[in-house]
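Colleague: Provided below: work35.tsv, containing TSV, C-alpha atoms.
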```tsv
chain	number	residue	atom	x	y	z
C	1	MET	CA	4.73	81.01	75.99
C	2	LEU	CA	7.74	81.88	73.84
C	3	LYS	CA	11.09	81.92	75.58
C	4	PRO	CA	12.86	85.32	75.57
C	5	GLU	CA	15.81	83.71	73.74
C	6	THR	CA	13.50	82.39	71.03
C	7	LEU	CA	11.99	85.85	70.58
C	8	ARG	CA	15.47	87.38	70.40
C	9	GLN	CA	16.71	84.90	67.81
C	10	LEU	CA	13.60	85.29	65.65
C	11	GLY	CA	13.84	89.05	66.00
C	12	GLU	CA	17.35	88.94	64.55
C	13	ALA	CA	16.65	86.48	61.72
C	14	SER	CA	15.54	87.51	58.25
C	15	THR	CA	12.34	86.13	56.77
C	16	ALA	CA	14.56	84.77	53.97
C	17	THR	CA	16.44	82.66	56.50
C	18	LEU	CA	13.24	81.60	58.24
C	19	THR	CA	11.53	80.50	55.02
C	20	THR	CA	14.63	78.43	54.23
C	21	GLN	CA	14.43	76.73	57.63
C	22	LEU	CA	10.74	76.09	57.11
C	23	PHE	CA	11.40	74.69	53.63
C	24	LYS	CA	13.87	72.22	55.15
C	25	ARG	CA	11.03	71.03	57.38
C	26	GLY	CA	8.60	70.60	54.49
C	27	PHE	CA	6.72	73.94	54.80
C	28	ARG	CA	6.43	75.77	51.47
C	29	ASN	CA	3.50	78.14	51.97
C	30	LEU	CA	4.05	80.17	55.13
C	31	PHE	CA	5.17	83.50	53.62
C	32	MET	CA	2.26	85.92	53.18
C	33	GLN	CA	1.68	87.16	49.64
C	34	GLY	CA	0.75	90.78	48.97
C	35	VAL	CA	1.46	91.86	52.56
C	36	ARG	CA	4.16	94.51	52.90
C	37	PRO	CA	5.53	96.83	55.59
C	38	LEU	CA	3.73	100.16	55.67
C	39	SER	CA	7.05	101.86	56.37
C	40	PRO	CA	10.63	100.51	56.31
C	41	PRO	CA	10.92	98.49	59.53
C	42	GLY	CA	13.71	99.44	61.90
C	43	ARG	CA	13.41	96.09	63.63
C	44	ASN	CA	11.72	92.77	63.05
C	45	LEU	CA	8.10	92.33	63.99
C	46	VAL	CA	7.88	89.21	66.15
C	47	GLY	CA	5.21	87.75	68.43
C	48	PRO	CA	2.42	85.19	68.73
C	49	ALA	CA	-0.60	85.64	66.49
C	50	PHE	CA	-3.87	86.99	67.86
C	51	THR	CA	-6.33	86.48	65.02
C	52	LEU	CA	-9.36	88.47	63.83
C	53	ARG	CA	-11.60	87.29	61.01
C	54	TYR	CA	-13.53	89.50	58.62
C	55	ILE	CA	-16.14	88.24	56.15
C	56	PRO	CA	-17.72	90.32	53.35
C	57	ALA	CA	-19.81	93.23	54.56
C	58	ARG	CA	-23.62	93.22	54.37
C	59	GLU	CA	-25.69	96.37	54.38
C	60	ASP	CA	-28.11	95.34	57.13
C	61	LEU	CA	-25.24	94.42	59.47
C	62	ASP	CA	-22.51	96.92	58.75
C	63	MET	CA	-23.79	100.37	59.57
C	64	ILE	CA	-21.73	103.03	61.34
C	65	GLU	CA	-23.69	102.45	64.56
C	66	ALA	CA	-22.15	98.98	64.82
C	67	TYR	CA	-18.92	100.47	66.13
C	68	ALA	CA	-20.67	101.83	69.24
C	69	ASP	CA	-21.18	98.29	70.55
C	70	PRO	CA	-18.29	97.41	72.94
C	71	GLU	CA	-18.80	93.75	71.96
C	72	HIS	CA	-18.18	94.51	68.29
C	73	PRO	CA	-15.56	91.84	67.40
C	74	GLN	CA	-13.07	94.33	65.99
C	75	ARG	CA	-13.30	96.68	68.98
C	76	LYS	CA	-13.38	93.82	71.48
C	77	ALA	CA	-10.34	92.12	69.95
C	78	ILE	CA	-8.30	95.29	70.31
C	79	GLU	CA	-9.28	95.56	73.96
C	80	VAL	CA	-8.37	91.96	74.84
C	81	ILE	CA	-5.27	91.24	72.74
C	82	PRO	CA	-2.50	90.08	75.11
C	83	GLU	CA	0.65	92.13	75.46
C	84	GLY	CA	3.35	91.17	72.99
C	85	HIS	CA	0.95	89.53	70.52
C	86	VAL	CA	0.51	90.45	66.87
C	87	MET	CA	-2.97	91.33	65.64
C	88	VAL	CA	-3.44	89.37	62.41
C	89	ILE	CA	-6.56	90.29	60.42
C	90	ASP	CA	-8.12	88.16	57.70
C	91	CYS	CA	-9.50	90.49	55.03
C	92	ARG	CA	-9.61	87.78	52.35
C	93	GLY	CA	-7.03	89.76	50.39
C	94	ASP	CA	-9.59	92.54	49.79
C	95	SER	CA	-7.88	95.94	49.98
C	96	ARG	CA	-10.85	98.06	48.84
C	97	ALA	CA	-11.38	99.22	52.43
C	98	ALA	CA	-9.41	99.61	55.63
C	99	ALA	CA	-8.86	96.86	58.16
C	100	ALA	CA	-7.95	99.56	60.71
C	101	GLY	CA	-6.88	103.20	61.01
C	102	HIS	CA	-4.75	105.50	63.13
C	103	ILE	CA	-6.93	105.49	66.27
C	104	LEU	CA	-7.27	101.71	66.42
C	105	THR	CA	-3.57	101.23	65.68
C	106	THR	CA	-2.69	103.69	68.42
C	107	ARG	CA	-4.84	101.73	70.86
C	108	LEU	CA	-2.99	98.54	69.90
C	109	ALA	CA	0.34	100.27	70.50
C	110	VAL	CA	-0.80	101.65	73.88
C	111	ARG	CA	-1.94	98.15	74.88
C	112	ARG	CA	1.58	96.93	74.03
C	113	ALA	CA	0.66	94.70	71.14
C	114	ALA	CA	3.70	93.75	69.06
C	115	GLY	CA	2.25	94.86	65.74
C	116	LEU	CA	-0.53	94.62	63.18
C	117	VAL	CA	-0.72	92.45	60.05
C	118	SER	CA	-3.55	92.40	57.53
C	119	ASP	CA	-4.02	91.33	53.92
C	120	GLY	CA	-6.44	94.25	53.52
C	121	GLY	CA	-5.91	97.99	53.37
C	122	ILE	CA	-4.99	100.46	56.11
C	123	ARG	CA	-6.35	104.02	56.30
C	124	ASP	CA	-4.47	107.00	57.81
C	125	SER	CA	-1.38	105.31	56.42
C	126	THR	CA	0.91	108.35	56.60
C	127	ALA	CA	0.23	108.84	60.30
C	128	ILE	CA	0.57	105.13	61.03
C	129	ALA	CA	3.82	104.87	59.08
C	130	ALA	CA	5.27	107.55	61.35
C	131	MET	CA	4.50	105.51	64.48
C	132	ASP	CA	7.06	103.33	66.24
C	133	PHE	CA	4.76	100.38	65.70
C	134	PRO	CA	5.15	97.81	62.90
C	135	VAL	CA	2.22	97.50	60.51
C	136	TYR	CA	2.03	95.23	57.47
C	137	CYS	CA	-0.82	95.36	54.99
C	138	ALA	CA	-1.83	95.17	51.32
C	139	GLY	CA	-1.44	98.95	51.03
C	140	PRO	CA	-3.13	102.24	51.90
C	141	SER	CA	-6.91	102.38	51.55
C	142	ALA	CA	-9.01	105.33	52.74
C	143	PRO	CA	-12.57	103.91	52.80
C	144	LEU	CA	-13.79	102.71	56.19
C	145	GLY	CA	-13.89	98.96	56.67
C	146	LEU	CA	-17.67	98.71	56.78
C	147	ILE	CA	-17.99	99.01	53.01
C	148	ALA	CA	-16.16	95.71	52.47
C	149	HIS	CA	-15.61	93.95	55.80
C	150	HIS	CA	-17.79	92.50	58.55
C	151	ALA	CA	-15.81	91.67	61.70
C	152	LEU	CA	-17.10	88.24	62.66
C	153	GLU	CA	-14.88	86.65	65.33
C	154	PHE	CA	-11.44	86.56	66.90
C	155	GLY	CA	-9.20	83.87	68.34
C	156	VAL	CA	-9.90	81.41	65.52
C	157	GLY	CA	-7.98	79.97	62.60
C	158	ILE	CA	-7.85	82.41	59.67
C	159	GLY	CA	-6.21	82.94	56.31
C	160	CYS	CA	-3.99	85.97	55.74
C	161	GLY	CA	-1.98	86.62	52.61
C	162	GLY	CA	-2.74	83.10	51.45
C	163	VAL	CA	-1.37	81.50	54.62
C	164	ALA	CA	-3.25	79.59	57.31
C	165	VAL	CA	-2.71	81.31	60.67
C	166	LEU	CA	-3.69	79.70	63.96
C	167	PRO	CA	-3.80	81.58	67.27
C	168	GLY	CA	-0.37	81.34	68.87
C	169	ASP	CA	1.56	80.78	65.64
C	170	VAL	CA	4.64	82.97	65.63
C	171	ILE	CA	4.60	85.95	63.28
C	172	VAL	CA	7.87	87.44	62.03
C	173	GLY	CA	8.05	90.43	59.71
C	174	ASP	CA	10.93	92.34	58.12
C	175	GLY	CA	11.53	94.40	54.99
C	176	ASP	CA	10.62	91.47	52.72
C	177	GLY	CA	7.28	90.73	54.38
C	178	VAL	CA	5.72	88.37	56.91
C	179	VAL	CA	6.29	84.69	57.64
C	180	VAL	CA	4.19	82.44	59.89
C	181	ILE	CA	5.96	79.83	62.04
C	182	PRO	CA	3.89	77.04	63.59
C	183	ALA	CA	4.16	77.38	67.36
C	184	ALA	CA	5.31	73.78	67.88
C	185	ILE	CA	8.52	74.31	65.89
C	186	ALA	CA	9.25	77.96	66.67
C	187	GLU	CA	12.06	77.24	69.13
C	188	GLU	CA	13.97	74.83	66.88
C	189	VAL	CA	13.53	77.11	63.86
C	190	ALA	CA	14.89	80.03	65.90
C	191	VAL	CA	18.01	78.07	66.94
C	192	ASP	CA	18.75	76.82	63.43
C	193	ALA	CA	18.04	80.23	61.90
C	194	ALA	CA	20.60	81.84	64.19
C	195	ALA	CA	23.19	79.26	63.12
C	196	GLN	CA	22.34	79.78	59.43
C	197	GLU	CA	22.64	83.55	59.73
C	198	GLU	CA	26.10	83.29	61.28
C	199	MET	CA	27.28	80.86	58.60
C	200	GLU	CA	25.89	83.09	55.84
C	201	GLU	CA	27.63	86.13	57.31
C	202	PHE	CA	30.91	84.26	56.83
C	203	ILE	CA	29.95	83.09	53.32
C	204	GLN	CA	28.92	86.62	52.35
C	205	SER	CA	32.35	87.93	53.37
C	206	ARG	CA	34.05	85.21	51.27
C	207	ILE	CA	31.93	85.95	48.21
C	208	ALA	CA	32.50	89.70	48.61
C	209	GLY	CA	36.23	88.93	48.76
C	210	GLY	CA	36.17	87.17	45.40
C	211	ALA	CA	35.44	83.52	46.24
C	212	LYS	CA	33.59	81.53	43.58
C	213	LEU	CA	30.18	80.02	44.32
C	214	PRO	CA	31.19	76.35	43.88
C	215	GLY	CA	32.40	75.08	47.22
C	216	THR	CA	31.49	78.31	48.98
C	217	TYR	CA	27.74	78.45	48.60
C	218	PRO	CA	26.70	75.85	49.54
C	219	PRO	CA	29.85	75.29	51.61
C	220	ASN	CA	32.05	72.26	51.08
C	221	GLU	CA	34.20	70.71	53.80
C	222	GLU	CA	37.03	73.16	53.20
C	223	THR	CA	34.73	76.15	53.59
C	224	ARG	CA	33.14	74.63	56.68
C	225	ALA	CA	36.58	74.19	58.23
C	226	ALA	CA	37.43	77.80	57.44
C	227	TYR	CA	34.12	78.86	58.98
C	228	ALA	CA	34.86	76.91	62.18
C	229	ALA	CA	38.24	78.66	62.48
C	230	TRP	CA	36.63	82.07	61.79
C	231	ARG	CA	33.99	81.38	64.42
C	232	LYS	CA	36.62	80.36	66.96
C	233	GLU	CA	38.62	83.55	66.41
C	234	ARG	CA	35.48	85.63	66.61
C	235	ALA	CA	34.57	84.10	69.97
C	236	LYS	CA	37.94	85.19	71.37
C	237	GLY	CA	37.26	88.80	70.49
```
Mind turning this structure into structure tokens?
Modeller:
Amino acid sequence: MLKPETLRQLGEASTATLTTQLFKRGFRNLFMQGVRPLSPPGRNLVGPAFTLRYIPAREDLDMIEAYADPEHPQRKAIEVIPEGHVMVIDCRGDSRAAAAGHILTTRLAVRRAAGLVSDGGIRDSTAIAAMDFPVYCAGPSAPLGLIAHHALEFGVGIGCGGVAVLPGDVIVGDGDGVVVIPAAIAEEVAVDAAAQEEMEEFIQSRIAGGAKLPGTYPPNEETRAAYAAWRKERAKG
């Protein structure tokens, strides 16, 4: 269970900052490729991953009648996803067909999921983009999922956007895209990301004011001392 403070800190951190913190810990491949926000996000997407795996469709399995079965893995996953979790769908990077549409996305929102991420397409994209519900995908795609995807299972390890995603990993999305944070290090990454963001706010103001990069970014001892004084004054206010 993620602490509220960890969720808050991750919700305020950029994916650029988070990928830097992950890099410092030896993780180089946790930013999803080809997965973008469907509409400009007003806030970060953040929450534990609830995974759903698709394999290639097969004509004898993927007929329209399949959706009438309440145990259909796609339908079932939407009905059991825990509140605050992010539905992450493995479409193998295939955007020829939709991973979900407006009705399914609305059901996720009503069930208080935190968002939807897929490396496949999304249909009804205009309607979904207008929702107050973050969705990340490979792009709009009108054809129904059955032409390309067979929903096989949920709650298992998957790949999405070239990244391994395990159930419970922490998903964070912003305007740049989506990063996956292993659950075991989420709290420490959140703390260090918050510290990095504050330091970089100070550095940004120095650079905007005419400071040269050497000694400022990365900061030398003089800049660090100036940052400490700036932080102290800020705390007073």
Colleague: Please determine the residues with any atom at most 7 Å from (-5.8, 90.5, 64.4) (coordinates as given in the file, with all atoms listed in the file counting) and report them as a VMD selection string.
Modeller: chain C and resid 50 to 52 86 to 89 116 to 117
Colleague: Which residues of stretch 54-135 of chain C come within 12 Å of stretch 152-174 of chain C, and for each one, what is the closest pair of atoms and their distance in Å to one decimal, counting only C-alpha atoms, sorted by chain and residue number, as a Markdown table?
Modeller:
```
| residue | atom | partner | partner_atom | distance |
| --- | --- | --- | --- | --- |
| C:Tyr54 | CA | C:Leu152 | CA | 5.5 |
| C:Ile55 | CA | C:Leu152 | CA | 6.6 |
| C:Pro56 | CA | C:Leu152 | CA | 9.6 |
| C:Ala57 | CA | C:Leu152 | CA | 9.9 |
| C:Arg58 | CA | C:Leu152 | CA | 11.7 |
| C:Leu61 | CA | C:Leu152 | CA | 10.7 |
| C:Asp62 | CA | C:Leu152 | CA | 10.9 |
| C:Glu71 | CA | C:Glu153 | CA | 10.5 |
| C:His72 | CA | C:Leu152 | CA | 8.5 |
| C:Pro73 | CA | C:Glu153 | CA | 5.6 |
| C:Gln74 | CA | C:Glu153 | CA | 7.9 |
| C:Arg75 | CA | C:Phe154 | CA | 10.5 |
| C:Lys76 | CA | C:Phe154 | CA | 8.8 |
| C:Ala77 | CA | C:Phe154 | CA | 6.4 |
| C:Ile78 | CA | C:Phe154 | CA | 9.9 |
| C:Glu79 | CA | C:Phe154 | CA | 11.6 |
| C:Val80 | CA | C:Phe154 | CA | 10.1 |
| C:Ile81 | CA | C:Gly155 | CA | 9.4 |
| C:Pro82 | CA | C:Gly168 | CA | 10.9 |
| C:Gly84 | CA | C:Val170 | CA | 11.1 |
| C:His85 | CA | C:Gly168 | CA | 8.5 |
| C:Val86 | CA | C:Ile171 | CA | 7.1 |
| C:Met87 | CA | C:Ile171 | CA | 9.6 |
| C:Val88 | CA | C:Cys160 | CA | 7.5 |
| C:Ile89 | CA | C:Cys160 | CA | 6.9 |
| C:Asp90 | CA | C:Cys160 | CA | 5.1 |
| C:Cys91 | CA | C:Cys160 | CA | 7.2 |
| C:Arg92 | CA | C:Cys160 | CA | 6.8 |
| C:Gly93 | CA | C:Gly161 | CA | 6.3 |
| C:Asp94 | CA | C:Gly161 | CA | 10.0 |
| C:Ser95 | CA | C:Gly161 | CA | 11.3 |
| C:Ala114 | CA | C:Ile171 | CA | 9.7 |
| C:Gly115 | CA | C:Gly173 | CA | 9.5 |
| C:Leu116 | CA | C:Ile171 | CA | 10.1 |
| C:Val117 | CA | C:Cys160 | CA | 8.4 |
| C:Ser118 | CA | C:Cys160 | CA | 6.7 |
| C:Asp119 | CA | C:Gly161 | CA | 5.3 |
| C:Gly120 | CA | C:Gly161 | CA | 8.9 |
| C:Pro134 | CA | C:Gly173 | CA | 8.5 |
| C:Val135 | CA | C:Gly173 | CA | 9.2 |
```
Colleague: Hey, can you check how far atom CA of C:Val191 sits from atom CA of C:Thr6?
Modeller: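 The value is 7.5 Å.
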Colleague: Taking (19.6, 86.1, 66.2) in the coordinates of the supplied file, I want to know which residues reach to within 8 Å of it, counting all atoms listed in the file; could you give the answer as a list in words?
Modeller: Arg8, Gln9, Leu10, Gly11, Glu12, Ala13, Ala190, Ala193, Ala194 and Glu197 of chain C
Colleague: Within 10 Å of C:Ala142, counting all atoms listed in the file, which residues qualify if same-chain residues fewer than 5 places away don't, as JSON, numbers by chain?
Modeller: {"C": [95, 96, 97, 98, 100, 101, 121, 122, 123, 124, 125]}
Colleague: Figure out the distance between atom CA of C:Gly145 and atom CA of C:Asp60, please, to one decimal in Å.
Modeller: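 According to the coordinates, atom CA of C:Asp60 and atom CA of C:Gly145 are separated by 14.7 Å.
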Colleague: With distances taken over all atoms listed in the file, which residue among C:Gly47, C:Ser14, C:Asp176, C:Glu65 lies nearest C:Arg112?
Modeller: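 Using all atoms listed in the file, C:Arg112 sits closest to C:Gly47.
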Colleague: Kindly indicate which residue among C:Val179, C:Tyr227, C:Val46, C:Gly139 lies nearest to C:Pro4, using all atoms listed in the file for the distances.
Modeller: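 Distance minimum relative to C:Pro4 lands on C:Val46.
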Colleague: Any idea what the distance is between atom CA of C:Gln33 and atom CA of C:Gly177?
Modeller: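 Computed distance, atom CA of C:Gln33 to atom CA of C:Gly177, equals 8.2 Å.
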Colleague: Quick one: residues within 10 Å of C:Ile185, all atoms listed in the file counted, chain neighbours fewer than 2 positions away excluded, as a PyMOL selection string?
Modeller: chain C and resi 22+25+169-170+181-183+187-190
Colleague: Select, from C:Gly34, C:Gly175, C:Gly26, C:Pro218, the residue with the minimum atom-to-atom distance to C:Cys137, counting all atoms listed in the file.
Modeller: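 Distance minimum relative to C:Cys137 lands on C:Gly34.
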Colleague: Please provide as a list in words all residues within 10 Å of C:Thr126, with the sequence filter that same-chain residues fewer than 5 positions apart are discarded (counting all atoms listed in the file).
Modeller: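 With the cut-off at 10 Å, the set is Leu38, Ser39, His102, Met131 and Pro140 of chain C.
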Colleague: Pick from C:Ile203, C:Ala208, C:Asp192, C:Asp132: nearest to C:Asn220, with all atoms listed in the file counted?
Modeller: C:Ile203
Colleague: Could you give me the centre and size, in Å to one decimal, of an axis-aligned box around all listed atoms of stretch 46-54 of chain C with 6 Å added on every side, as JSON?
Modeller:
```
{"center_x": -2.8, "center_y": 87.3, "center_z": 63.7, "size_x": 33.4, "size_y": 16.3, "size_z": 22.1}
```
Colleague: I need the residue nearest C:Glu201 from this list: C:Thr17, C:Phe23, C:Leu30, C:Pro70. Use all atoms listed in the file for the distance.
Modeller: C:Thr17
Colleague: From the list C:Ser141, C:Leu104, C:Ala99, C:Val110, which residue is nearest C:Arg53 when using only C-alpha atoms?
Modeller: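 Going through C:Ser141, C:Leu104, C:Ala99, C:Val110 one by one, the smallest distance to C:Arg53 is for C:Ala99.
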